[in-house]
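Asks: Please see the structure below; I have some questions.
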Amino acid sequence: MRWILFFGALIGPSICGEKFFGDQVFRINVRNGEEIHKQIQLVNSDNFMLNFWKPPSTFGCPVDIQVPSFSLQPVKSFLKSQGLEYSVTIEDLQSLLDDEDEETQHNEGRERSGNPFNYGAYHSLEAIYLEMDSMAADFPDFVSQVKIGHSFENWPLYVLKFPTGTGERRPAIWLNAGIHSREWISQATGIWMARKIVSDYKKYPAVTSILEKMDIFLLPVANPDGYVYTQTKNRFWRKTRPRNPGSKCIGVDPNRNWNSNFAGEEASDNPCSEVYHGPHANSEVEVKSVVDFIQERGNFKCFIDLHSYSQLLMYPYAYAVNKAPDAEELVSGCLPPNPGLPYPPDPVSGSSIDWAYNNGIKYAFTFELRDTGRYGFLLPANQIISTAEETWLSLKIIMEHVRHHLC
């Protein structure tokens with residue numbers, strides 16, 4: 001496997017995938033229930049072939065949609081006829097993709113020439129796995145690589161474990177990244193955090209004290225099939241990759257596949273939808289592998305899921321009328337006002353963190369990383385480090401709170 005990964009890392013991701021010439025991204029304002037209903041009409045129209053980057057949710061939250069070049073005028077006419085306000089946030093989608101491809105190829109060339117792994121660049125799955133191998137080899141007494149399962153297309157699901165004490169079931173933190181494959185900043189932030197944990201341990205008291213009490217498990221690429229597909233076929237692929245029986249459409253939204261409020265309001269039973277929940281909870285092997293590992297090991301105290309984009313920090317039970325029993329602590333206690341906390345707290349619908357909370361992991365949060373829509377899923381690589389650094393500041397606050405409140 002190591003030689004296969006090495007060969008793949010040398011080749012790098014293909015740049016010959018689907019092109020998006022003339023496509024744009026629209027931001028549509030949503031002010032009331034009637035306008036949400038109109039948005040749903042737009043969503044359900046197969047004629048426009050839209051890709052929702054930020055789907056309709058609540059009043060005051062804008063909707064971002066990728067509009068193919070052939071649908072620009074029809075969509076504009078629909079929005080005008082329905083009195084919906086919109087703006088164009090990305091005028092030339094292919095131009096941003098070309099910039100990203102150029103930067104990625106440049107970095108691959110440098111690394112092939114012997115430069116070390118660049119944490120300020122986007123990488124192939126193979127390159128990320130090789131870097132995980134290197135960390136485990138360089139720090140064998142502190143870092144171990146654990147295979148918790150495999151994807152539908154048989155990619156291994158690798159987790160980095162950072163233990164400093166003895167015992168199989170010390171209190172633990174789970175860090176999840178890349179469950180939505182097109183959100184490249186989440187995978188990049190995840191692997192950066194792995195290196196940060198390694199470099200800060202025994203150098204900085206905050207990180208050292210956390211690791212003296214708890215183990216950290218980090219899954220940098222939770223949806224490897226989708227991630228590979230974004231780098232070889234379609235940059236904006238979100239879901240997993242199995243074929244759905246009885247449908248021409250492929251994949252399930254893995255963040256709507258958890259056994260918590262399954263098939264709730266913000267999920268869809270349409271296999272062609274970006275938020276298709278799947279045939280049943282935990283149907284996706286990528287989700288089930290995480291669920292099985294966490295439940296079998298036990299004693300997890302914190303669950304963090306990294307996503308993009310919006311710059312929000314979200315906590316469980318948004319879909320429910322009643323707040324989570326620990327909502328006050330999660331917002332005002334665990335996340336006190338702090339200049340190092342860049343993202344405002346906000347709730348989220350049923351998902352991985354709802355499952356974690358329902359299974360006794362009290363401190364469950366989702367980070368929606370940069371940006372707020374200027375680049376969307378195409379965040380330039382020169383913002384990776386700053387995004388990871390600001391996220392790390394917030395994550396440390398959460399982890400320190402968890403450490404202080406261990407039973």
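Quick note on naming: the chains in the structure tokens go A, B, ... in the order shown, residues restart at 1 in each chain, and ligands are numbered from 1 in order of appearance.
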For stretch 253-264 of chain A, find every residue with an atom within 10 Å (counting only C-alpha atoms), except residues of its own chain fewer than 5 positions away, and show them as a PDB file with N, CA and C atoms, in the first residue's frame.
Replies:
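Output contents, as saved in part11.pdb:
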```pdb
ATOM      1  N   ILE A 179     -15.795  15.231   5.509  1.00  0.00           N
ATOM      2  CA  ILE A 179     -16.941  14.362   5.262  1.00  0.00           C
ATOM      3  C   ILE A 179     -17.677  14.786   3.992  1.00  0.00           C
ATOM      4  N   HIS A 180     -17.664  16.097   3.706  1.00  0.00           N
ATOM      5  CA  HIS A 180     -18.158  16.603   2.419  1.00  0.00           C
ATOM      6  C   HIS A 180     -16.933  16.861   1.541  1.00  0.00           C
ATOM      7  N   SER A 181     -16.805  16.091   0.473  1.00  0.00           N
ATOM      8  CA  SER A 181     -15.537  16.000  -0.239  1.00  0.00           C
ATOM      9  C   SER A 181     -15.084  17.301  -0.880  1.00  0.00           C
ATOM     10  N   ALA A 222     -12.641  11.974   5.847  1.00  0.00           N
ATOM     11  CA  ALA A 222     -13.731  11.082   6.239  1.00  0.00           C
ATOM     12  C   ALA A 222     -14.506  10.518   5.047  1.00  0.00           C
ATOM     13  N   ASN A 223     -14.289  11.091   3.865  1.00  0.00           N
ATOM     14  CA  ASN A 223     -14.987  10.643   2.651  1.00  0.00           C
ATOM     15  C   ASN A 223     -13.967  10.541   1.514  1.00  0.00           C
ATOM     16  N   ARG A 238     -20.042  16.350  -3.587  1.00  0.00           N
ATOM     17  CA  ARG A 238     -20.227  16.487  -2.133  1.00  0.00           C
ATOM     18  C   ARG A 238     -20.376  15.135  -1.432  1.00  0.00           C
ATOM     19  N   LYS A 239     -20.990  14.188  -2.097  1.00  0.00           N
ATOM     20  CA  LYS A 239     -21.504  12.986  -1.432  1.00  0.00           C
ATOM     21  C   LYS A 239     -20.510  11.818  -1.469  1.00  0.00           C
ATOM     22  N   THR A 240     -20.990  10.654  -0.997  1.00  0.00           N
ATOM     23  CA  THR A 240     -20.240   9.415  -1.145  1.00  0.00           C
ATOM     24  C   THR A 240     -20.414   8.924  -2.579  1.00  0.00           C
ATOM     25  N   ARG A 241     -19.977   7.695  -2.891  1.00  0.00           N
ATOM     26  CA  ARG A 241     -19.951   7.269  -4.285  1.00  0.00           C
ATOM     27  C   ARG A 241     -20.710   5.991  -4.633  1.00  0.00           C
ATOM     28  N   ASP A 269     -35.328  12.674   0.530  1.00  0.00           N
ATOM     29  CA  ASP A 269     -35.443  11.264   0.162  1.00  0.00           C
ATOM     30  C   ASP A 269     -35.238  11.054  -1.344  1.00  0.00           C
ATOM     31  N   PRO A 271     -32.762  10.510  -4.248  1.00  0.00           N
ATOM     32  CA  PRO A 271     -31.362  10.090  -4.407  1.00  0.00           C
ATOM     33  C   PRO A 271     -30.511  11.047  -5.233  1.00  0.00           C
ATOM     34  N   SER A 273     -30.638  14.304  -4.887  1.00  0.00           N
ATOM     35  CA  SER A 273     -30.432  15.528  -4.103  1.00  0.00           C
ATOM     36  C   SER A 273     -29.047  15.552  -3.470  1.00  0.00           C
ATOM     37  N   GLU A 274     -28.513  16.757  -3.317  1.00  0.00           N
ATOM     38  CA  GLU A 274     -27.239  16.931  -2.624  1.00  0.00           C
ATOM     39  C   GLU A 274     -27.340  16.559  -1.149  1.00  0.00           C
ATOM     40  N   VAL A 275     -28.552  16.554  -0.600  1.00  0.00           N
ATOM     41  CA  VAL A 275     -28.739  16.241   0.820  1.00  0.00           C
ATOM     42  C   VAL A 275     -29.539  14.946   0.987  1.00  0.00           C
ATOM     43  N   TYR A 276     -29.389  14.025   0.058  1.00  0.00           N
ATOM     44  CA  TYR A 276     -30.052  12.722   0.159  1.00  0.00           C
ATOM     45  C   TYR A 276     -29.529  11.977   1.383  1.00  0.00           C
ATOM     46  N   HIS A 277     -30.461  11.514   2.234  1.00  0.00           N
ATOM     47  CA  HIS A 277     -30.060  10.928   3.511  1.00  0.00           C
ATOM     48  C   HIS A 277     -29.668   9.464   3.430  1.00  0.00           C
ATOM     49  N   GLY A 278     -29.920   8.821   2.276  1.00  0.00           N
ATOM     50  CA  GLY A 278     -29.593   7.415   2.140  1.00  0.00           C
ATOM     51  C   GLY A 278     -30.769   6.523   2.490  1.00  0.00           C
ATOM     52  N   PRO A 279     -30.667   5.231   2.194  1.00  0.00           N
ATOM     53  CA  PRO A 279     -31.786   4.317   2.433  1.00  0.00           C
ATOM     54  C   PRO A 279     -32.094   4.092   3.904  1.00  0.00           C
ATOM     55  N   HIS A 280     -31.086   4.196   4.754  1.00  0.00           N
ATOM     56  CA  HIS A 280     -31.295   4.058   6.197  1.00  0.00           C
ATOM     57  C   HIS A 280     -30.080   4.650   6.913  1.00  0.00           C
ATOM     58  N   ALA A 281     -30.243   4.907   8.183  1.00  0.00           N
ATOM     59  CA  ALA A 281     -29.147   5.471   8.974  1.00  0.00           C
ATOM     60  C   ALA A 281     -27.940   4.537   8.944  1.00  0.00           C
ATOM     61  N   ASN A 282     -26.757   5.130   8.835  1.00  0.00           N
ATOM     62  CA  ASN A 282     -25.494   4.388   8.806  1.00  0.00           C
ATOM     63  C   ASN A 282     -25.372   3.467   7.589  1.00  0.00           C
ATOM     64  N   SER A 283     -26.110   3.763   6.518  1.00  0.00           N
ATOM     65  CA  SER A 283     -25.985   2.953   5.308  1.00  0.00           C
ATOM     66  C   SER A 283     -24.617   3.125   4.658  1.00  0.00           C
ATOM     67  N   GLU A 284     -23.990   4.279   4.870  1.00  0.00           N
ATOM     68  CA  GLU A 284     -22.690   4.556   4.257  1.00  0.00           C
ATOM     69  C   GLU A 284     -21.573   3.982   5.122  1.00  0.00           C
ATOM     70  N   VAL A 285     -20.725   3.193   4.504  1.00  0.00           N
ATOM     71  CA  VAL A 285     -19.683   2.509   5.262  1.00  0.00           C
ATOM     72  C   VAL A 285     -18.732   3.504   5.920  1.00  0.00           C
ATOM     73  N   GLU A 286     -18.568   4.678   5.314  1.00  0.00           N
ATOM     74  CA  GLU A 286     -17.696   5.695   5.908  1.00  0.00           C
ATOM     75  C   GLU A 286     -18.265   6.196   7.238  1.00  0.00           C
ATOM     76  N   VAL A 287     -19.592   6.362   7.293  1.00  0.00           N
ATOM     77  CA  VAL A 287     -20.243   6.795   8.538  1.00  0.00           C
ATOM     78  C   VAL A 287     -20.238   5.655   9.550  1.00  0.00           C
ATOM     79  N   LYS A 288     -20.621   4.470   9.110  1.00  0.00           N
ATOM     80  CA  LYS A 288     -20.716   3.323  10.019  1.00  0.00           C
ATOM     81  C   LYS A 288     -19.369   2.989  10.653  1.00  0.00           C
ATOM     82  N   VAL A 291     -18.921   5.403  13.517  1.00  0.00           N
ATOM     83  CA  VAL A 291     -19.870   5.057  14.577  1.00  0.00           C
ATOM     84  C   VAL A 291     -19.392   3.821  15.335  1.00  0.00           C
ATOM     85  N   ASP A 305     -16.425  18.340  14.163  1.00  0.00           N
ATOM     86  CA  ASP A 305     -16.522  18.072  12.729  1.00  0.00           C
ATOM     87  C   ASP A 305     -16.185  19.349  11.965  1.00  0.00           C
ATOM     88  N   TYR A 317     -28.817  20.033  17.866  1.00  0.00           N
ATOM     89  CA  TYR A 317     -30.269  20.135  18.046  1.00  0.00           C
ATOM     90  C   TYR A 317     -30.914  21.361  17.425  1.00  0.00           C
ATOM     91  N   TYR A 319     -32.625  21.480  14.767  1.00  0.00           N
ATOM     92  CA  TYR A 319     -33.905  21.114  14.161  1.00  0.00           C
ATOM     93  C   TYR A 319     -35.024  21.019  15.186  1.00  0.00           C
ATOM     94  N   ALA A 320     -34.684  20.938  16.478  1.00  0.00           N
ATOM     95  CA  ALA A 320     -35.680  20.695  17.519  1.00  0.00           C
ATOM     96  C   ALA A 320     -36.227  22.001  18.081  1.00  0.00           C
ATOM     97  N   SER A 349     -28.747  21.522  11.910  1.00  0.00           N
ATOM     98  CA  SER A 349     -29.745  20.455  11.866  1.00  0.00           C
ATOM     99  C   SER A 349     -29.107  19.101  12.147  1.00  0.00           C
ATOM    100  N   GLY A 350     -29.946  18.049  12.250  1.00  0.00           N
ATOM    101  CA  GLY A 350     -29.474  16.720  12.606  1.00  0.00           C
ATOM    102  C   GLY A 350     -28.307  16.256  11.756  1.00  0.00           C
ATOM    103  N   SER A 351     -27.233  15.808  12.392  1.00  0.00           N
ATOM    104  CA  SER A 351     -26.010  15.493  11.671  1.00  0.00           C
ATOM    105  C   SER A 351     -25.086  14.719  12.590  1.00  0.00           C
ATOM    106  N   SER A 352     -23.797  14.710  12.255  1.00  0.00           N
ATOM    107  CA  SER A 352     -22.818  13.968  13.047  1.00  0.00           C
ATOM    108  C   SER A 352     -22.787  14.446  14.490  1.00  0.00           C
ATOM    109  N   ILE A 353     -22.862  15.748  14.706  1.00  0.00           N
ATOM    110  CA  ILE A 353     -22.756  16.228  16.087  1.00  0.00           C
ATOM    111  C   ILE A 353     -24.021  15.935  16.888  1.00  0.00           C
ATOM    112  N   ASP A 354     -25.181  15.877  16.214  1.00  0.00           N
ATOM    113  CA  ASP A 354     -26.392  15.451  16.915  1.00  0.00           C
ATOM    114  C   ASP A 354     -26.267  13.986  17.347  1.00  0.00           C
ATOM    115  N   TRP A 355     -25.737  13.153  16.447  1.00  0.00           N
ATOM    116  CA  TRP A 355     -25.518  11.754  16.808  1.00  0.00           C
ATOM    117  C   TRP A 355     -24.561  11.650  17.996  1.00  0.00           C
ATOM    118  N   ALA A 356     -23.464  12.403  17.932  1.00  0.00           N
ATOM    119  CA  ALA A 356     -22.488  12.353  19.021  1.00  0.00           C
ATOM    120  C   ALA A 356     -23.130  12.763  20.344  1.00  0.00           C
ATOM    121  N   TYR A 357     -23.874  13.849  20.317  1.00  0.00           N
ATOM    122  CA  TYR A 357     -24.511  14.345  21.538  1.00  0.00           C
ATOM    123  C   TYR A 357     -25.501  13.323  22.080  1.00  0.00           C
ATOM    124  N   ASN A 358     -26.293  12.728  21.193  1.00  0.00           N
ATOM    125  CA  ASN A 358     -27.272  11.725  21.618  1.00  0.00           C
ATOM    126  C   ASN A 358     -26.622  10.466  22.166  1.00  0.00           C
ATOM    127  N   ASN A 359     -25.361  10.263  21.838  1.00  0.00           N
ATOM    128  CA  ASN A 359     -24.650   9.083  22.321  1.00  0.00           C
ATOM    129  C   ASN A 359     -23.675   9.413  23.449  1.00  0.00           C
TER     130      ASN A 359
END
```
Asks: From a DSSP calculation on the backbone, collect every residue of stretch 207-325 of chain A in alpha helix (DSSP H) and output the set as a PyMOL selection string.
Replies: chain A and resi 207-213+224-232+285-297
Asks: Measuring between only C-alpha atoms, which one of A:Thr387, A:Glu296, A:Ile197, A:Cys334 shows the shortest distance to A:Tyr363?
Replies: A:Cys334
Asks: Which residues are near A:Gly149? Cut-off 9 Å, only C-alpha atoms, ignore same chain within fewer than 4 positions. Put them as a PyMOL selection string.
Replies: chain A and resi 154-158+285-286+288-290+293
Asks: Pick from A:Ser69, A:Asn299, A:Thr208, A:Thr391: nearest to A:Glu168, with only C-alpha atoms counted?
Replies: A:Asn299
Asks: Just want the 9 Å neighbourhood of A:Lys362, counted on only C-alpha atoms, with same-chain residues fewer than 5 positions away dropped. Output as number ranges by chain.
Replies: A: 301-303, 326, 330, 356-357
Asks: Let me see the file: selected residues, C-alpha atoms, as a PDB file, in the first residue's frame.
Replies:
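Saved as result_8.pdb:
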```
ATOM      1  CA  LYS A 301     -15.851  13.331  25.639  1.00  0.00           C
ATOM      2  CA  CYS A 302     -15.689  15.643  22.615  1.00  0.00           C
ATOM      3  CA  PHE A 303     -16.597  15.376  18.912  1.00  0.00           C
ATOM      4  CA  ASP A 326     -26.583  21.525  27.738  1.00  0.00           C
ATOM      5  CA  LEU A 330     -22.091  24.721  25.125  1.00  0.00           C
ATOM      6  CA  ALA A 356     -22.488  12.353  19.021  1.00  0.00           C
ATOM      7  CA  TYR A 357     -24.511  14.345  21.538  1.00  0.00           C
TER       8      TYR A 357
END
```
Asks: May I have all residues of stretch 116-169 of chain A that DSSP, computed from the backbone, assigns to strand (DSSP E or B), given as a list in words?
Replies: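 In stretch 116-169 of chain A, DSSP puts these residues in strand (DSSP E or B): Ser144, Gln145, Val146, Lys147, Ile148, Gly149, His150, Pro156, Leu157, Tyr158, Val159, Leu160, Lys161 and Phe162 of chain A.
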Asks: Counting only C-alpha atoms, figure out which residue out of A:Lys233, A:Arg243, A:Lys396, A:Arg403 gets nearest to A:Ile304.
Replies: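 With only C-alpha atoms as the atom set, the closest residue is A:Lys396.
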Asks: Nearest residue to A:Asp141 out of A:Thr164, A:Asn115, A:Ser308, A:Ser45, using only C-alpha atoms?
Replies: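 Looking only at the distances to A:Asp141, the closest residue turns out to be A:Thr164.
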Asks: If we count only C-alpha atoms and set the cut-off at 9 Å, which residues sit around A:Ile185, ignoring sequence neighbours fewer than 6 positions away in its own chain? Please answer as a compact mmCIF listing (two decimals) with N, CA, C and O atoms, in the first residue's frame.
Replies:
```txt
# COMPACT_ATOMS: atom_id res chain seq x y z
N TYR A 122 -3.12 22.44 -1.15
CA TYR A 122 -4.06 21.32 -1.22
C TYR A 122 -3.35 20.12 -1.81
O TYR A 122 -2.52 20.25 -2.72
N GLY A 178 -13.43 16.54 6.33
CA GLY A 178 -13.57 16.08 4.95
C GLY A 178 -14.74 15.17 4.68
O GLY A 178 -14.73 14.43 3.70
N LEU A 306 -15.23 19.27 11.05
CA LEU A 306 -14.79 20.42 10.28
C LEU A 306 -15.45 20.44 8.91
O LEU A 306 -15.39 19.45 8.17
N HIS A 307 -16.07 21.58 8.59
CA HIS A 307 -16.76 21.77 7.31
C HIS A 307 -16.38 23.14 6.74
O HIS A 307 -15.69 23.93 7.37
N SER A 308 -16.90 23.43 5.56
CA SER A 308 -16.90 24.79 5.03
C SER A 308 -18.12 24.90 4.11
O SER A 308 -18.65 23.89 3.66
N TYR A 309 -18.60 26.10 3.90
CA TYR A 309 -18.06 27.36 4.34
C TYR A 309 -19.15 28.16 5.03
O TYR A 309 -20.32 27.83 4.91
N LEU A 369 -15.73 26.48 8.29
CA LEU A 369 -14.52 27.28 8.12
C LEU A 369 -14.73 28.37 7.06
O LEU A 369 -15.84 28.59 6.59
N ARG A 370 -13.65 29.05 6.71
CA ARG A 370 -13.72 30.12 5.72
C ARG A 370 -14.25 29.61 4.39
O ARG A 370 -14.09 28.44 4.06
N PHE A 377 -16.27 27.16 -1.92
CA PHE A 377 -15.47 25.94 -1.81
C PHE A 377 -14.10 26.07 -2.45
O PHE A 377 -13.27 25.16 -2.33
N LEU A 378 -13.86 27.16 -3.14
CA LEU A 378 -12.59 27.37 -3.85
C LEU A 378 -11.69 28.33 -3.09
O LEU A 378 -11.02 29.18 -3.69
N LEU A 379 -11.65 28.20 -1.78
CA LEU A 379 -10.81 29.07 -0.96
C LEU A 379 -9.35 28.95 -1.42
O LEU A 379 -8.81 27.85 -1.51
N ALA A 381 -5.40 28.62 -1.70
CA ALA A 381 -4.49 27.90 -0.82
C ALA A 381 -3.73 28.83 0.11
O ALA A 381 -3.32 28.42 1.20
N GLN A 383 -4.85 30.90 1.95
CA GLN A 383 -5.62 31.12 3.18
C GLN A 383 -5.70 29.86 4.06
O GLN A 383 -6.33 29.89 5.11
N ILE A 384 -5.06 28.78 3.65
CA ILE A 384 -5.13 27.55 4.44
C ILE A 384 -4.54 27.74 5.83
O ILE A 384 -5.17 27.41 6.85
N THR A 387 -6.54 30.08 8.11
CA THR A 387 -7.79 29.43 8.50
C THR A 387 -7.53 28.38 9.57
O THR A 387 -8.25 28.32 10.59
N ALA A 388 -6.52 27.56 9.38
CA ALA A 388 -6.20 26.52 10.36
C ALA A 388 -5.78 27.13 11.69
O ALA A 388 -6.18 26.63 12.75
```
Asks: Rank nothing, just name the residue among A:Asn47, A:Asn32, A:Asn118, A:Asn234 nearest to A:Cys61, using only C-alpha atoms.
Replies: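 Comparing A:Asn47, A:Asn32, A:Asn118, A:Asn234 against A:Cys61, the winner is A:Asn32.
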Asks: Can you list, as a compact mmCIF listing (two decimals) with N, CA, C and O atoms, in the first residue's frame, every protein, DNA or RNA residue that comes within 7 Å of A:Leu84 when you count only C-alpha atoms, leaving out same-chain residues fewer than 4 positions away?
Replies:
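The resulting part35.txt:
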```txt
# COMPACT_ATOMS: atom_id res chain seq x y z
N ILE A 28 -28.85 34.35 -3.07
CA ILE A 28 -30.25 34.76 -3.03
C ILE A 28 -30.67 35.05 -1.59
O ILE A 28 -30.43 34.22 -0.70
N ASN A 29 -31.26 36.20 -1.37
CA ASN A 29 -31.71 36.56 -0.02
C ASN A 29 -33.03 35.87 0.30
O ASN A 29 -33.90 35.74 -0.56
N LEU A 79 -36.07 34.26 -10.85
CA LEU A 79 -35.87 35.06 -9.64
C LEU A 79 -36.58 36.40 -9.74
O LEU A 79 -37.21 36.87 -8.79
N LYS A 80 -36.50 37.01 -10.92
CA LYS A 80 -37.17 38.30 -11.12
C LYS A 80 -38.68 38.14 -11.05
O LYS A 80 -39.37 38.96 -10.41
```
Asks: Compare A:Thr372, A:Asn176, A:Gln39, A:Gln105 by their minimum atom-to-atom distance to A:Glu85, counting only C-alpha atoms, and give me the closest one.
Replies: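 Looking at the shortest contact to A:Glu85, the residue is A:Gln39.
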Asks: Which distance in Å separates atom CA of A:Gln295 and atom CA of A:Leu175, to one decimal?
Replies: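 Straight-line distance from atom CA of A:Gln295 to atom CA of A:Leu175 works out to 15.1 Å.
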Asks: Do you know which residues are at most 12 Å from A:Val402 counting only C-alpha atoms, after dropping those on the same chain fewer than 2 positions away, and could you put them as a VMD selection string?
Replies: chain A and resid 171 to 173 209 to 211 213 to 214 300 to 303 329 to 330 333 to 335 361 to 364 395 to 400 404 to 407
Asks: For C-alpha atoms, I'd like the residues from the last selection saved as an mmCIF file, in the first residue's frame.
Replies:
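Written file, again.cif:
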```
data_model
loop_
_atom_site.group_PDB
_atom_site.id
_atom_site.type_symbol
_atom_site.label_atom_id
_atom_site.label_comp_id
_atom_site.auth_asym_id
_atom_site.auth_seq_id
_atom_site.Cartn_x
_atom_site.Cartn_y
_atom_site.Cartn_z
ATOM 1 C CA PRO A 171 -11.003 10.078 27.871
ATOM 2 C CA ALA A 172 -10.778 11.014 24.202
ATOM 3 C CA ILE A 173 -11.496 13.684 21.600
ATOM 4 C CA SER A 209 -1.979 19.401 29.654
ATOM 5 C CA ILE A 210 -4.793 18.353 27.292
ATOM 6 C CA LEU A 211 -2.831 15.360 26.025
ATOM 7 C CA LYS A 213 -5.450 13.798 30.338
ATOM 8 C CA MET A 214 -6.961 12.736 27.013
ATOM 9 C CA PHE A 300 -15.197 9.961 24.033
ATOM 10 C CA LYS A 301 -15.851 13.331 25.639
ATOM 11 C CA CYS A 302 -15.689 15.643 22.615
ATOM 12 C CA PHE A 303 -16.597 15.376 18.912
ATOM 13 C CA GLU A 329 -22.959 25.565 28.721
ATOM 14 C CA LEU A 330 -22.091 24.721 25.125
ATOM 15 C CA GLY A 333 -19.712 28.165 29.241
ATOM 16 C CA CYS A 334 -17.645 26.121 26.835
ATOM 17 C CA LEU A 335 -17.264 29.080 24.462
ATOM 18 C CA ILE A 361 -20.585 12.970 23.850
ATOM 19 C CA LYS A 362 -21.625 16.207 25.471
ATOM 20 C CA TYR A 363 -19.153 18.543 23.800
ATOM 21 C CA ALA A 364 -20.079 18.250 20.127
ATOM 22 C CA LEU A 395 -10.511 24.350 19.245
ATOM 23 C CA LYS A 396 -8.033 24.771 22.086
ATOM 24 C CA ILE A 397 -10.648 26.708 24.067
ATOM 25 C CA ILE A 398 -13.093 23.835 23.631
ATOM 26 C CA MET A 399 -10.528 21.139 24.468
ATOM 27 C CA GLU A 400 -9.375 22.991 27.586
ATOM 28 C CA HIS A 404 -11.461 20.962 33.081
ATOM 29 C CA HIS A 405 -14.808 19.141 33.177
ATOM 30 C CA LEU A 406 -13.658 15.523 33.019
ATOM 31 C CA CYS A 407 -15.615 13.307 35.402
#
```
Asks: Could you check how far atom CA of A:Asp371 sits from atom CA of A:Val25, in Å to one decimal?
Replies: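 Atom-to-atom, atom CA of A:Asp371 and atom CA of A:Val25 are spaced 14.3 Å apart.
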